[in-house]
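Trainee: Right, I'll just put the structure down here and ask away after.
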Amino acid sequence: MTAPRLRFAPSPTGYLHVGGARTALFNWFFAKRTRGTLILRIEDTDQARSTEAHTQVILDGLTWLGVTWDEGPYFQGADGARHRADAHRLLKDGKAYRCFCSKTELDAQRQAAPGGAETYRYDRRCYRLAAEEIEHRIAAGAPFVVRFLMPDEAITWDDAIHGPITFQGRDLDDLVILRSDGTPIYNLAVVSDDIAMRITHVVRGDDHISNTPKQIALYAALGAPRPIFGHVPMILGPDGKKLSKRHGATAVGDYQIQGILPAAMRNFLALLGWSPGDDREIMTDAELVAAFSLEAVQKKPAVFDLTKLEWMNGQYLSALPAESIEALVAGHLAALGVLPGGQDIRPAIDAVKSRARTLIQLAERVSVRLDPARATLEPKGEALIKKMGSAYAENLRHAIRALEPIPDPEWHPDPILEAIKRGADAAGIKLGDAMQPIRVALTGDTVSEPVNELLAAVGKAVSLARLATVAAAG
RNA sequence: GGCCCCAUCGUCUAACGGUUAGGACACCACUCUUUCAAGGUGGUAACACGGGUUCGAUUCCCGUUGGGGCUACCA
């Protein structure tokens, strides 16, 4: 058997949606797994909605995700001549016909249909036109579209994900394959391209299931062998509806901005609608590729669980050495307006990386160390003060008294911890009640590295000044 | 409306006729750390419903219900 040839074929009419990203990923896994070829094809036959900017965003999204392709990107719009040639071949073979009905005539026919516009199917009136009448209209320059003559027969295929699916040709319309301006319609362009590119496996979204019988009929009419089809289910929002903008972030670029690592995104997306069959969850690309199969892809749509994505990202973050995420963290710090200015941020990253789920969170926790002035109690002041306990101002003053005597050269984690313990004992309070107010005062957050290490890193003068300010405010 | 697809914890999933229906996220305890997380241990929580087939159905078949997709001179 020859090596499989696959394609990922987004249309540049929007951003790279997570659903599309997952489809691309599944294609990539399959191609890698079978040592096949993955082709990127931009479906830009809809000139009105396609833009170069969208194409670039899709390319960037794929690149960020780490999905690589072996051929392309090819642009479908560049192959109009071949699409037209295929359409005319069908015309010549009597497998397609010219339709002179205008859009307004069609609308009128739809309205007049017995069961209403919903049940309307083209009545083939132009197919029944006499040859001389057709010649006459062409000669008169009447505009026409080319319609495919849908055969009246059962169309069946064995879907790699869904199993056998059957449609009846009579339920399908005679679809337009060439517009009146001579440009091809999606279904023709796809089939024409997939034949020309010798595609063996079409792995795409579930929403194309009902296009598949039309395309299979086109393959047959063009005398070409059809590929194996596999239809990946959609991704839903938390409310069970199709994932869309109103659910928040749906473009892969959004997750890049939020500080999700590409590897975590790949791992998460892979597990959305697919599983290796055992209990593994955190998996490397190599493991994913080795375990992947279309048969194991779920048939039902999956709800996108942001919380689990963030958990998984946190797993990657804490497992990675500081130097490998240093540059990314620096980028997010810059976005926060904090410049390390030559400081080594790696110790700070190591101190908080297991306490963050996104790079943004990680950068925020690093930033308060670099610039303690950022440690504001706003905007969640109420909640933070509650966490510190009602006596927090008093407890902060205990802490200040305990810490002040430490000489500068001894301002290190261990002596600091000892001093806080002694102070807590003297004041008759629990260590936690002594620690948490300090943490909140210094970071504006309830989560940070151990308080004594934090104090040591921030420095004595800055720490005490900050504690005094918060204590005074309380 | 017509055609097609789908249905296990709240969510992601395992199970391919016989299991105390397993794992993960989230949640709740406990634990470790005289501090926050992370980690560890445990817990709550599911086979949509009704008929068949079978010695036996979450699993196979049919129906119901409920979701979803398509039904363009969009992709």
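Here, A, B, ... name the chains of the structure tokens in the order displayed, residue numbers run from 1 inside each chain, and ligands are numbered from 1 in the same displayed order.
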Select all residues from chain A having any atom no more than 6 Å from an atom of chain B (counting only C-alpha atoms (C1' of nucleotides), ignoring ligands), output as a PyMOL selection string.
Mentor: chain A and resi 179+207+210+279+300+308+354-355+432+435+447-448
Trainee: Return as a ChimeraX atom specification the full set of residues in range 102-156 of chain A whose backbone-based DSSP assignment is alpha helix (DSSP H).
Mentor: /A:103-112,131-139
Trainee: Tell me which protein, DNA and RNA residues are within 10 Å of C47 in chain B, counting only C-alpha atoms (C1' of nucleotides), leaving out same-chain ones fewer than 3 positions away, and put them as a VMD selection string.
Mentor: chain B and resid 8 to 9 21 58 to 59
Trainee: Would you mind exporting the chosen residues as a compact mmCIF listing (two decimals), in the first residue's frame, restricted to N, CA and C atoms (P, O5', C5', C4', C3', O3' and C1' of nucleotides)?
Mentor:
```txt
# COMPACT_ATOMS: atom_id res chain seq x y z
P U B 8 -23.17 9.63 26.35
O5' U B 8 -22.93 8.71 27.64
C5' U B 8 -24.05 8.04 28.21
C4' U B 8 -23.60 7.40 29.49
C3' U B 8 -22.78 8.30 30.41
O3' U B 8 -23.62 9.10 31.21
C1' U B 8 -21.69 6.22 30.17
P C B 9 -23.27 10.60 31.45
O5' C B 9 -22.28 10.53 32.69
C5' C B 9 -21.92 11.72 33.39
C4' C B 9 -22.04 11.45 34.87
C3' C B 9 -21.62 12.65 35.72
O3' C B 9 -22.67 13.00 36.65
C1' C B 9 -20.50 10.65 36.40
P A B 21 -20.65 -2.54 39.12
O5' A B 21 -19.66 -1.30 38.87
C5' A B 21 -18.31 -1.52 38.53
C4' A B 21 -18.00 -0.83 37.22
C3' A B 21 -17.69 0.66 37.32
O3' A B 21 -16.35 0.87 37.74
C1' A B 21 -19.18 0.30 35.54
P U B 58 -27.71 -3.47 31.38
O5' U B 58 -26.93 -2.41 30.47
C5' U B 58 -27.40 -1.10 30.32
C4' U B 58 -26.42 -0.30 29.49
C3' U B 58 -25.99 -1.01 28.21
O3' U B 58 -26.87 -0.69 27.15
C1' U B 58 -24.08 -0.21 29.38
P U B 59 -27.20 -1.78 26.01
O5' U B 59 -25.78 -2.11 25.36
C5' U B 59 -25.11 -1.13 24.55
C4' U B 59 -23.71 -1.64 24.22
C3' U B 59 -23.72 -2.82 23.26
O3' U B 59 -22.82 -2.60 22.19
C1' U B 59 -22.57 -3.37 25.28
```
Trainee: Any idea what's packed within 8 Å of Gly253 in chain A, counting only C-alpha atoms (C1' of nucleotides), ignoring anything in its chain fewer than 2 positions away? Could you give it as a PyMOL selection string?
Mentor: chain A and resi 16+61+251+255-257
Trainee: Please indicate the distance in Å from CA of Asp171 in chain A to CA of Ala48 in chain A, rounded to one decimal place.
Mentor: 29.7 Å
Trainee: If you measure from CA of Asn187 in chain A to CA of Phe144 in chain A, what distance in Å do you get, rounded to one decimal?
Mentor: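 Those two atoms sit 18.1 Å apart.
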Trainee: For CA of Arg35 in chain A and CA of Pro4 in chain A, determine how far apart the two atoms are, in Å to one decimal place.
Mentor: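 Atom-to-atom, CA of Arg35 in chain A and CA of Pro4 in chain A are spaced 7.5 Å apart.
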Trainee: Please provide as a list in words all residues within 10 Å of Ala286 in chain A, with the sequence filter that same-chain residues fewer than 4 positions apart are discarded (counting only C-alpha atoms (C1' of nucleotides)).
Mentor: Phe29, Lys32, Arg33, Ala290, Ala291 and Phe292 of chain A
Trainee: List the neighbours of Leu339 in chain A out to 9 Å using only C-alpha atoms (C1' of nucleotides); skip same-chain residues closer than 3 positions along the sequence, and give me the result as number ranges by chain.
Mentor: A: 330, 333-334, 336, 342-343, 367, 370
Trainee: Could you please take those selected residues and save N, CA, C and O atoms as a compact mmCIF listing (two decimals), in the first residue's frame?
Mentor:
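Okay, result.txt is ready:
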```txt
# COMPACT_ATOMS: atom_id res chain seq x y z
N ALA A 330 9.18 36.19 30.00
CA ALA A 330 9.66 37.57 29.79
C ALA A 330 8.71 38.32 28.88
O ALA A 330 8.43 39.51 29.10
N LEU A 333 5.77 39.27 30.87
CA LEU A 333 6.14 40.33 31.82
C LEU A 333 6.13 41.68 31.11
O LEU A 333 5.60 42.66 31.64
N ALA A 334 6.68 41.69 29.92
CA ALA A 334 6.72 42.92 29.15
C ALA A 334 5.30 43.41 28.90
O ALA A 334 5.00 44.60 28.97
N LEU A 336 2.91 43.03 30.80
CA LEU A 336 2.40 43.57 32.06
C LEU A 336 3.09 44.89 32.39
O LEU A 336 2.78 45.54 33.39
N GLY A 342 17.80 43.07 33.19
CA GLY A 342 19.04 42.36 33.45
C GLY A 342 18.98 41.37 34.60
O GLY A 342 19.89 40.58 34.80
N GLN A 343 17.89 41.40 35.36
CA GLN A 343 17.76 40.44 36.46
C GLN A 343 17.53 39.04 35.92
O GLN A 343 16.85 38.85 34.91
N SER A 367 6.12 38.89 38.63
CA SER A 367 6.21 40.35 38.57
C SER A 367 6.18 41.01 39.94
O SER A 367 6.85 42.01 40.17
N LEU A 370 9.60 41.08 41.23
CA LEU A 370 10.47 42.03 40.56
C LEU A 370 10.11 43.46 40.93
O LEU A 370 10.96 44.33 41.02
```
Trainee: Can you check which residues of range 182-350 of chain A DSSP gives as strand (DSSP E or B) on the backbone and send them as a list in words?
Mentor: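 Reading the DSSP output for range 182-350 of chain A, strand (DSSP E or B) covers Pro184, His201, Val202, Val203, Arg204, Gly205, Ile228, Phe229, Gly230, His231, Val232, Ile235, Leu236, Lys242, Ala251, Trp274, Val297, Ala302 and Val303 of chain A.
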Trainee: For the residues in that selection, give me N, CA and C atoms as a PDB file, in the first residue's frame.
Mentor:
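Output below, filename out31.pdb:
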```pdb
ATOM      1  N   PRO A 184     -15.789  27.992  -9.682  1.00  0.00           N
ATOM      2  CA  PRO A 184     -16.282  26.730  -9.134  1.00  0.00           C
ATOM      3  C   PRO A 184     -16.905  26.887  -7.738  1.00  0.00           C
ATOM      4  N   HIS A 201      -6.930  10.047   2.168  1.00  0.00           N
ATOM      5  CA  HIS A 201      -7.743  10.088   3.384  1.00  0.00           C
ATOM      6  C   HIS A 201      -8.239  11.506   3.626  1.00  0.00           C
ATOM      7  N   VAL A 202      -9.540  11.648   3.671  1.00  0.00           N
ATOM      8  CA  VAL A 202     -10.122  12.951   3.954  1.00  0.00           C
ATOM      9  C   VAL A 202     -10.626  12.937   5.388  1.00  0.00           C
ATOM     10  N   VAL A 203      -9.893  13.631   6.262  1.00  0.00           N
ATOM     11  CA  VAL A 203     -10.280  13.715   7.662  1.00  0.00           C
ATOM     12  C   VAL A 203     -10.709  15.149   7.919  1.00  0.00           C
ATOM     13  N   ARG A 204     -11.982  15.345   8.204  1.00  0.00           N
ATOM     14  CA  ARG A 204     -12.507  16.697   8.322  1.00  0.00           C
ATOM     15  C   ARG A 204     -13.664  16.717   9.305  1.00  0.00           C
ATOM     16  N   GLY A 205     -14.254  17.881   9.497  1.00  0.00           N
ATOM     17  CA  GLY A 205     -15.320  18.047  10.479  1.00  0.00           C
ATOM     18  C   GLY A 205     -16.603  17.323  10.106  1.00  0.00           C
ATOM     19  N   ILE A 228     -10.682   7.501   1.497  1.00  0.00           N
ATOM     20  CA  ILE A 228     -11.338   7.073   2.733  1.00  0.00           C
ATOM     21  C   ILE A 228     -11.761   8.354   3.447  1.00  0.00           C
ATOM     22  N   PHE A 229     -12.990   8.374   3.946  1.00  0.00           N
ATOM     23  CA  PHE A 229     -13.462   9.559   4.663  1.00  0.00           C
ATOM     24  C   PHE A 229     -13.546   9.273   6.159  1.00  0.00           C
ATOM     25  N   GLY A 230     -13.165  10.276   6.941  1.00  0.00           N
ATOM     26  CA  GLY A 230     -13.307  10.158   8.394  1.00  0.00           C
ATOM     27  C   GLY A 230     -13.829  11.482   8.910  1.00  0.00           C
ATOM     28  N   HIS A 231     -14.979  11.470   9.570  1.00  0.00           N
ATOM     29  CA  HIS A 231     -15.573  12.720  10.022  1.00  0.00           C
ATOM     30  C   HIS A 231     -15.491  12.910  11.526  1.00  0.00           C
ATOM     31  N   VAL A 232     -14.717  13.925  11.891  1.00  0.00           N
ATOM     32  CA  VAL A 232     -14.440  14.243  13.283  1.00  0.00           C
ATOM     33  C   VAL A 232     -15.589  15.082  13.864  1.00  0.00           C
ATOM     34  N   ILE A 235     -16.863  20.553  18.293  1.00  0.00           N
ATOM     35  CA  ILE A 235     -16.561  20.922  19.673  1.00  0.00           C
ATOM     36  C   ILE A 235     -17.642  21.881  20.148  1.00  0.00           C
ATOM     37  N   LEU A 236     -18.170  21.610  21.333  1.00  0.00           N
ATOM     38  CA  LEU A 236     -19.274  22.386  21.886  1.00  0.00           C
ATOM     39  C   LEU A 236     -18.824  23.293  23.023  1.00  0.00           C
ATOM     40  N   LYS A 242     -22.934  24.620  19.844  1.00  0.00           N
ATOM     41  CA  LYS A 242     -21.716  24.729  19.049  1.00  0.00           C
ATOM     42  C   LYS A 242     -20.832  25.848  19.573  1.00  0.00           C
ATOM     43  N   ALA A 251     -10.577  30.988  19.203  1.00  0.00           N
ATOM     44  CA  ALA A 251      -9.477  30.959  18.247  1.00  0.00           C
ATOM     45  C   ALA A 251      -8.216  30.491  18.966  1.00  0.00           C
ATOM     46  N   TRP A 274     -10.990  11.916  21.683  1.00  0.00           N
ATOM     47  CA  TRP A 274     -10.147  10.758  21.375  1.00  0.00           C
ATOM     48  C   TRP A 274      -9.466  10.326  22.658  1.00  0.00           C
ATOM     49  N   VAL A 297     -11.508   7.596  17.547  1.00  0.00           N
ATOM     50  CA  VAL A 297     -12.091   8.933  17.695  1.00  0.00           C
ATOM     51  C   VAL A 297     -13.575   8.797  18.024  1.00  0.00           C
ATOM     52  N   ALA A 302     -17.775  16.929  21.668  1.00  0.00           N
ATOM     53  CA  ALA A 302     -17.212  17.082  23.007  1.00  0.00           C
ATOM     54  C   ALA A 302     -17.314  18.531  23.470  1.00  0.00           C
ATOM     55  N   VAL A 303     -17.555  18.701  24.752  1.00  0.00           N
ATOM     56  CA  VAL A 303     -17.604  20.046  25.330  1.00  0.00           C
ATOM     57  C   VAL A 303     -16.183  20.494  25.671  1.00  0.00           C
TER      58      VAL A 303
END
```
Trainee: Quick one: everything within 12 Å of Ala142 in chain A, counting only C-alpha atoms (C1' of nucleotides), minus sequence neighbours fewer than 6 positions away in the same chain. Send it as a PyMOL selection string.
Mentor: chain A and resi 98-102+133-136+180-181
Trainee: Write a file of the selected residues as a short mmCIF file (atom, residue, chain, number, x, y, z; two decimals), in the first residue's frame, keeping C-alpha atoms.
Mentor:
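Dumped everything to part-v6.cif:
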```
data_model
loop_
_atom_site.label_atom_id
_atom_site.label_comp_id
_atom_site.auth_asym_id
_atom_site.auth_seq_id
_atom_site.Cartn_x
_atom_site.Cartn_y
_atom_site.Cartn_z
CA ARG A 98 -26.53 24.15 -17.97
CA CYS A 99 -29.19 25.84 -15.88
CA PHE A 100 -30.45 29.22 -17.03
CA CYS A 101 -32.70 29.84 -14.05
CA SER A 102 -31.80 33.10 -12.39
CA GLU A 133 -33.07 25.89 -27.22
CA ILE A 134 -29.87 25.57 -25.20
CA GLU A 135 -27.79 26.54 -28.26
CA HIS A 136 -30.06 29.46 -28.82
CA SER A 180 -22.65 31.94 -13.70
CA ASP A 181 -19.32 33.78 -13.64
#
```
